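Heads up: the structure comes next, in structure tokens.
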Amino acid sequence: MPHNLAKSFRKQMKLGRPLEMVVVFICFVPATHAIHAEDRDDAATNAAVKLTFCKDIAPIVFNKCACCHRPGEVAPFPLLNYGDVKKRSRSIAVVTGNRYMPPWKAEHGDADFANDRRLSDEQIAMIKRWVNEGLSEGNPADLPRLPNFSTGWKLGTPDIIAKMDKPIPVPLEGRDIFRTFIMPVDIPKGKYVRAVEYLPGTRSVVHHAAIGVISRVLAQKKYQNGAEGVIGAPQPPNLLPGPSGIWTPGVDPILNSPENAIIWPPESALMLQLHLAPNGKNEMEQSSIGIYLSDVPPSNPLQIMALINEAIYIPAGEKNYKKTASRPITGDIELRGVWAHMHKIGKTAFLKAKLPDGTIKVLLSIPDWDFNWQLQYEFESPVRLPRNTILEAEWTWDNSAENSNNPTHPPKIVTFGEQTTDEMDAILITWTKQSKGARNEPAVAQPPRESGKKIAQNDGNANTSDPDKPSPGKMVENGKHSNAVMELIRRLDKDGDGKLSFDELTADIPAESRDAIKEQLKTFDKDGDGKLDANELETALSALGH
């Protein structure tokens, strides 16, 4: 292989080019060549017993690669047998050696991830050594069985299946397609949602799916939803927590325990947002969503919180633009998982927890952001955080012409928005109250957003609450209602009737959003008096994930 081709490929890998660059490279490389003379193992290692595919390499490939590299999945070629792996052995050694594959963007932090797909240093060295030793197949009797991959629903047959009315076309090339679909779903009385699983029709064209709920009143008023979906791809107002709410290639659904089942707001519809990307062929996409139910009322429902900063204004040419957001935690909670989101010029994403005693816990560190691999990171053990912990997020972007991922040439000013040529910053956290053996006070996190102007004045730090007003950390219990409910009533009840009118609840909301939010609040106004009493407000806060 010409030296300049190898040098070019290594440069592209360092820049984090998409998987397609690997496929192009493979076409030029004879599989039986050794990597490079300077990369060979020393004489002592080469003198040892040779590694074989069946005994040494197949367990690695089957457990870490085959989940995506098989028919019907997102990878462009299979890795299911010796012939598959031998054919692409050289590129496998390269992309595992530089940790481009398997895709896993998070560094080691202060909490381990249950779904960590990284290879160990030892496994990477074994692959390289096997290639250098001549790609021995070994004894077929040593070959392990392939994992029992599901070809349909990974969690089994759902209790409820919602499906797009008809397939929509995805042309072989052109701009990405963004569509949102409103699907009527009735959760029977006395049933609770343990999991939601997304199943694409044509996996290779779905970049990601966002799944949430929306009040039926608001959906009927705001969206005209035909078989082609809502053009413009509005996001669900209330995302479901964890893998139930966000699907990207490689993300597996999780069947939550009954006690951690998801609360489904009453009179709500399911809302599916799709980002579809052409794959070089004319395709059709018809997605399905499976819902798994439980009869047990959840004692500690799974919830979701977000850190977001919408005050993004990235000048053209800026190589290291930074934004931050923070929020205090006012009850003892457990973090179950975390997901980060940016667009194409994203550079880094970081989340840490500052405990009351000053201890810092690194919860997520992505030093080399890749728009094509937005993964769910599920903690191996719940991360317990005490009240008065501060969650702090930081994002950086590279809007320079030197950034090969920049979709705009020459670069232009980039602001917050839904399109991939815009930018976003979000970290979504799945959490519950602390489990048995810990204090179980209501856990409420202050909203991370303020108005764009207010955020800008505070350099993007979303913790901009009025210091003259009591912090939720000073809330007190009041009867059977949570401290969050009683504090809201105390602060917002202007007429002193012990209830909150829709106007009182939305007084600080931007005018363009008030009507939509009022419609959503009507869902919880059971007595129809135009206000939420403590009981109704308790239900609303719980259902909306606060």
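Just so we're on the same page: first chain in the structure tokens is A, next is B, and so on; residues restart at 1 for each chain, and ligands are numbered from 1 in the order they show up.
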Residue neighbourhood range 351-356 of chain A, 6 Å, only C-alpha atoms, exclusion window fewer than 6 positions, as a PDB file with N, CA, C and O atoms, in the first residue's frame:
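So selection21.pdb came out as:
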```pdb
ATOM      1  N   VAL A 362     -16.529  12.887  38.493  1.00  0.00           N
ATOM      2  CA  VAL A 362     -16.667  12.982  37.038  1.00  0.00           C
ATOM      3  C   VAL A 362     -17.649  11.905  36.598  1.00  0.00           C
ATOM      4  O   VAL A 362     -17.398  10.714  36.756  1.00  0.00           O
ATOM      5  N   LEU A 363     -18.782  12.334  36.058  1.00  0.00           N
ATOM      6  CA  LEU A 363     -19.840  11.408  35.659  1.00  0.00           C
ATOM      7  C   LEU A 363     -19.793  11.075  34.171  1.00  0.00           C
ATOM      8  O   LEU A 363     -20.181   9.976  33.772  1.00  0.00           O
ATOM      9  N   LEU A 364     -19.341  12.014  33.349  1.00  0.00           N
ATOM     10  CA  LEU A 364     -19.240  11.772  31.909  1.00  0.00           C
ATOM     11  C   LEU A 364     -18.181  12.688  31.331  1.00  0.00           C
ATOM     12  O   LEU A 364     -18.198  13.896  31.567  1.00  0.00           O
ATOM     13  N   ASN A 388     -28.134  19.032  47.878  1.00  0.00           N
ATOM     14  CA  ASN A 388     -27.215  20.166  47.779  1.00  0.00           C
ATOM     15  C   ASN A 388     -25.976  19.863  46.935  1.00  0.00           C
ATOM     16  O   ASN A 388     -25.041  20.655  46.911  1.00  0.00           O
ATOM     17  N   THR A 389     -25.989  18.734  46.232  1.00  0.00           N
ATOM     18  CA  THR A 389     -24.985  18.500  45.192  1.00  0.00           C
ATOM     19  C   THR A 389     -25.277  19.433  44.017  1.00  0.00           C
ATOM     20  O   THR A 389     -26.436  19.718  43.707  1.00  0.00           O
ATOM     21  N   ILE A 390     -24.234  19.896  43.351  1.00  0.00           N
ATOM     22  CA  ILE A 390     -24.382  20.725  42.152  1.00  0.00           C
ATOM     23  C   ILE A 390     -23.924  19.915  40.940  1.00  0.00           C
ATOM     24  O   ILE A 390     -22.798  19.416  40.906  1.00  0.00           O
ATOM     25  N   LEU A 391     -24.810  19.757  39.969  1.00  0.00           N
ATOM     26  CA  LEU A 391     -24.439  19.138  38.701  1.00  0.00           C
ATOM     27  C   LEU A 391     -23.962  20.227  37.746  1.00  0.00           C
ATOM     28  O   LEU A 391     -24.631  21.250  37.574  1.00  0.00           O
ATOM     29  N   GLU A 392     -22.813  20.015  37.139  1.00  0.00           N
ATOM     30  CA  GLU A 392     -22.226  21.016  36.252  1.00  0.00           C
ATOM     31  C   GLU A 392     -21.873  20.378  34.913  1.00  0.00           C
ATOM     32  O   GLU A 392     -21.189  19.349  34.870  1.00  0.00           O
ATOM     33  N   ALA A 393     -22.358  20.982  33.847  1.00  0.00           N
ATOM     34  CA  ALA A 393     -22.086  20.492  32.495  1.00  0.00           C
ATOM     35  C   ALA A 393     -21.284  21.533  31.726  1.00  0.00           C
ATOM     36  O   ALA A 393     -21.415  22.738  31.958  1.00  0.00           O
TER      37      ALA A 393
END
```
- Task: Check the DSSP output for the backbone and give back, as a ChimeraX atom specification, the residues of range 27-190 of chain A in strand (DSSP E).
- Result: /A:160-163,168-170,177-183
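The space separating CA of Leu293 in chain A from CA of Ile160 in chain A comes to 8.3 Å.
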- Item | Surrounding residues of Gln374 in chain A excluding itself and chain neighbours under 2 positions, 8 Å, only C-alpha atoms, as a list in words |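 Once the adjacent positions are removed, what remains is Thr248, Trp339, Ala340, His341, Asp370, Phe371, Asn372 and Gln376 of chain A.
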- Min atom-atom distance to Asp252 in chain A from the set A:Lys64, A:Lys433, A:Lys412, A:Lys154, counting only C-alpha atoms, belongs to A:Lys154
- Query: In range 59-181 of chain A, what's helix (DSSP H, G or I) per DSSP? Answer as an MDAnalysis selection string?
  - Reply: chainID A and resid 59:64 82:87 89:97 121:132 140:142
Once you have the residues from the selection above, write them out as a short mmCIF file (atom, residue, chain, number, x, y, z; two decimals), in the first residue's frame, restricted to N, CA and C atoms.
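out_2.cif, freshly written:
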```
data_model
loop_
_atom_site.label_atom_id
_atom_site.label_comp_id
_atom_site.auth_asym_id
_atom_site.auth_seq_id
_atom_site.Cartn_x
_atom_site.Cartn_y
_atom_site.Cartn_z
N PRO A 59 -13.96 -14.86 20.44
CA PRO A 59 -14.69 -14.37 21.62
C PRO A 59 -14.76 -12.85 21.69
N ILE A 60 -13.70 -12.19 21.26
CA ILE A 60 -13.69 -10.71 21.27
C ILE A 60 -14.67 -10.17 20.22
N VAL A 61 -14.55 -10.68 19.00
CA VAL A 61 -15.38 -10.17 17.89
C VAL A 61 -16.85 -10.47 18.14
N PHE A 62 -17.16 -11.66 18.59
CA PHE A 62 -18.56 -12.04 18.80
C PHE A 62 -19.21 -11.21 19.91
N ASN A 63 -18.46 -10.91 20.96
CA ASN A 63 -19.03 -10.19 22.10
C ASN A 63 -19.04 -8.69 21.93
N LYS A 64 -18.08 -8.15 21.16
CA LYS A 64 -17.94 -6.69 21.10
C LYS A 64 -18.29 -6.09 19.74
N TYR A 82 -14.88 -16.64 10.55
CA TYR A 82 -13.45 -16.45 10.25
C TYR A 82 -13.25 -15.71 8.93
N GLY A 83 -14.00 -16.10 7.90
CA GLY A 83 -13.84 -15.46 6.60
C GLY A 83 -14.14 -13.97 6.66
N ASP A 84 -15.22 -13.60 7.38
CA ASP A 84 -15.57 -12.18 7.51
C ASP A 84 -14.44 -11.38 8.15
N VAL A 85 -13.88 -11.94 9.22
CA VAL A 85 -12.86 -11.22 9.99
C VAL A 85 -11.53 -11.21 9.25
N LYS A 86 -11.15 -12.32 8.64
CA LYS A 86 -9.89 -12.38 7.90
C LYS A 86 -9.89 -11.35 6.77
N LYS A 87 -11.00 -11.24 6.08
CA LYS A 87 -11.09 -10.32 4.93
C LYS A 87 -10.79 -8.89 5.34
N SER A 89 -9.22 -8.00 8.36
CA SER A 89 -8.39 -8.10 9.57
C SER A 89 -7.48 -6.89 9.76
N ARG A 90 -6.89 -6.43 8.67
CA ARG A 90 -5.94 -5.32 8.79
C ARG A 90 -6.61 -4.05 9.27
N SER A 91 -7.77 -3.74 8.69
CA SER A 91 -8.47 -2.52 9.13
C SER A 91 -9.02 -2.70 10.54
N ILE A 92 -9.41 -3.93 10.91
CA ILE A 92 -9.89 -4.18 12.27
C ILE A 92 -8.77 -3.87 13.27
N ALA A 93 -7.55 -4.31 12.95
CA ALA A 93 -6.43 -4.03 13.83
C ALA A 93 -6.18 -2.53 13.97
N VAL A 94 -6.35 -1.79 12.88
CA VAL A 94 -6.13 -0.34 12.92
C VAL A 94 -7.20 0.36 13.75
N VAL A 95 -8.49 0.09 13.46
CA VAL A 95 -9.55 0.85 14.10
C VAL A 95 -9.78 0.43 15.56
N THR A 96 -9.39 -0.80 15.92
CA THR A 96 -9.42 -1.15 17.34
C THR A 96 -8.21 -0.57 18.05
N GLY A 97 -7.07 -0.53 17.35
CA GLY A 97 -5.86 0.01 17.96
C GLY A 97 -5.96 1.47 18.31
N ASP A 121 -6.82 -3.14 26.80
CA ASP A 121 -5.52 -3.05 26.13
C ASP A 121 -5.05 -4.44 25.72
N GLU A 122 -5.31 -5.44 26.53
CA GLU A 122 -4.89 -6.80 26.23
C GLU A 122 -5.61 -7.33 24.98
N GLN A 123 -6.92 -7.05 24.86
CA GLN A 123 -7.66 -7.51 23.69
C GLN A 123 -7.17 -6.83 22.41
N ILE A 124 -6.87 -5.55 22.50
CA ILE A 124 -6.35 -4.82 21.33
C ILE A 124 -5.01 -5.41 20.90
N ALA A 125 -4.16 -5.70 21.89
CA ALA A 125 -2.84 -6.28 21.57
C ALA A 125 -2.98 -7.67 20.96
N MET A 126 -3.98 -8.44 21.41
CA MET A 126 -4.18 -9.78 20.85
C MET A 126 -4.58 -9.70 19.38
N ILE A 127 -5.45 -8.76 19.04
CA ILE A 127 -5.86 -8.63 17.63
C ILE A 127 -4.66 -8.28 16.76
N LYS A 128 -3.86 -7.31 17.22
CA LYS A 128 -2.69 -6.91 16.44
C LYS A 128 -1.71 -8.08 16.29
N ARG A 129 -1.50 -8.80 17.38
CA ARG A 129 -0.56 -9.92 17.33
C ARG A 129 -1.07 -11.02 16.39
N TRP A 130 -2.35 -11.32 16.44
CA TRP A 130 -2.93 -12.35 15.56
C TRP A 130 -2.73 -11.99 14.10
N VAL A 131 -2.93 -10.72 13.75
CA VAL A 131 -2.71 -10.29 12.36
C VAL A 131 -1.25 -10.46 11.99
N ASN A 132 -0.34 -10.02 12.86
CA ASN A 132 1.09 -10.12 12.57
C ASN A 132 1.57 -11.56 12.46
N PRO A 140 -11.62 -25.58 14.76
CA PRO A 140 -13.05 -25.19 14.83
C PRO A 140 -13.74 -25.65 16.10
N ALA A 141 -13.20 -26.67 16.77
CA ALA A 141 -13.80 -27.12 18.02
C ALA A 141 -13.68 -26.08 19.12
N ASP A 142 -12.73 -25.16 18.97
CA ASP A 142 -12.54 -24.09 19.96
C ASP A 142 -13.46 -22.90 19.74
#
```
- What gap, in Å, lies between CA of Ile489 in chain A and CA of Thr506 in chain A? 13.0 Å
- Task: For Tyr198 in chain A, work out the shell of residues within 10 Å, counting only C-alpha atoms and skipping chain neighbours fewer than 2 positions away, then give it as a list in words.
- Result: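 Residues meeting the cut-off are Trp153, Lys154, Ile161, Ala162, Val196, Pro200, Gly201, Ala209, Ala210, Ile211, Pro243, Ser244, Gly245, Ile246, Trp247, Thr248, Val251, Asp252, Pro253, Leu272, Ser287, Ser288, Ile289, Gly290 and Ile291 of chain A.
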- Item | Nearest to Asn148 in chain A by atom-to-atom distance, counting only C-alpha atoms, from A:Cys67, A:Leu119, A:Ala106, A:Val170 |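 Between A:Cys67, A:Leu119, A:Ala106, A:Val170, the residue approaching Asn148 in chain A most closely is A:Cys67.
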- Message: Please compute the CA of Glu137 in chain A-CA of Asp56 in chain A distance, one decimal, in Å.
- Response: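 That distance, rounded to one decimal, is 9.8 Å.
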- Message: From the options A:Leu302, A:Lys347, A:Gly417, A:Leu385, which residue's atoms come nearest to Asn405 in chain A, counting only C-alpha atoms?
- Response: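 Of A:Leu302, A:Lys347, A:Gly417, A:Leu385, the one nearest Asn405 in chain A is A:Lys347, counting only C-alpha atoms.
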Give me the residues near Tyr313 in chain A as a compact mmCIF listing (two decimals) with N, CA and C atoms, in the first residue's frame, where near means some atom within 10 Å (using only C-alpha atoms) and where sequence neighbours in that chain fewer than 4 positions away do not count.
```
# COMPACT_ATOMS: atom_id res chain seq x y z
N TYR A 321 -15.20 27.34 21.39
CA TYR A 321 -16.33 28.04 22.00
C TYR A 321 -16.88 27.17 23.14
N LYS A 322 -17.18 27.78 24.27
CA LYS A 322 -17.59 27.02 25.45
C LYS A 322 -18.89 27.54 26.04
N LYS A 323 -19.73 26.63 26.50
CA LYS A 323 -20.93 26.96 27.25
C LYS A 323 -21.05 26.01 28.44
N ILE A 413 -21.78 31.92 11.33
CA ILE A 413 -22.23 32.00 12.72
C ILE A 413 -23.23 30.88 12.97
N VAL A 414 -23.08 30.19 14.08
CA VAL A 414 -23.96 29.07 14.43
C VAL A 414 -24.68 29.40 15.74
N THR A 415 -26.00 29.16 15.75
CA THR A 415 -26.80 29.41 16.94
C THR A 415 -27.57 28.15 17.32
N PHE A 416 -28.30 28.21 18.42
CA PHE A 416 -29.08 27.08 18.90
C PHE A 416 -30.22 26.78 17.92
N ASP A 422 -27.34 23.82 12.68
CA ASP A 422 -27.38 24.59 13.93
C ASP A 422 -26.60 23.80 14.98
N GLU A 423 -26.68 24.25 16.23
CA GLU A 423 -26.04 23.48 17.30
C GLU A 423 -26.98 23.37 18.50
N ALA A 456 -27.08 34.57 29.00
CA ALA A 456 -25.93 35.26 28.42
C ALA A 456 -25.25 36.14 29.46
```
- Message: Applying 9 Å and only C-alpha atoms, which residues near Gly337 in chain A remain after dropping the ones on its own chain fewer than 5 positions away? List them as a list in words.
- Response: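 The neighbour list is Phe113, Gly242, Gln376, Tyr377, Glu378, Phe379, Glu380, Pro382, Val383, Leu428, Ile429, Thr430 and Trp431 of chain A.
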Selected residues, C-alpha atoms, written as a PDB file, in the first residue's frame, please.
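The result, stored in again03.pdb:
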```pdb
ATOM      1  CA  PHE A 113     -20.755   1.985  32.946  1.00  0.00           C
ATOM      2  CA  GLY A 242     -33.175   6.641  29.447  1.00  0.00           C
ATOM      3  CA  GLN A 376     -26.550   6.002  26.202  1.00  0.00           C
ATOM      4  CA  TYR A 377     -24.215   5.491  29.153  1.00  0.00           C
ATOM      5  CA  GLU A 378     -25.833   3.348  31.858  1.00  0.00           C
ATOM      6  CA  PHE A 379     -24.146   3.329  35.259  1.00  0.00           C
ATOM      7  CA  GLU A 380     -23.102  -0.101  36.487  1.00  0.00           C
ATOM      8  CA  PRO A 382     -26.634   3.762  40.774  1.00  0.00           C
ATOM      9  CA  VAL A 383     -24.598   6.871  41.581  1.00  0.00           C
ATOM     10  CA  LEU A 428     -30.089  14.148  29.867  1.00  0.00           C
ATOM     11  CA  ILE A 429     -29.882  12.312  33.166  1.00  0.00           C
ATOM     12  CA  THR A 430     -32.043   9.375  34.229  1.00  0.00           C
ATOM     13  CA  TRP A 431     -32.596   9.288  37.977  1.00  0.00           C
TER      14      TRP A 431
END
```
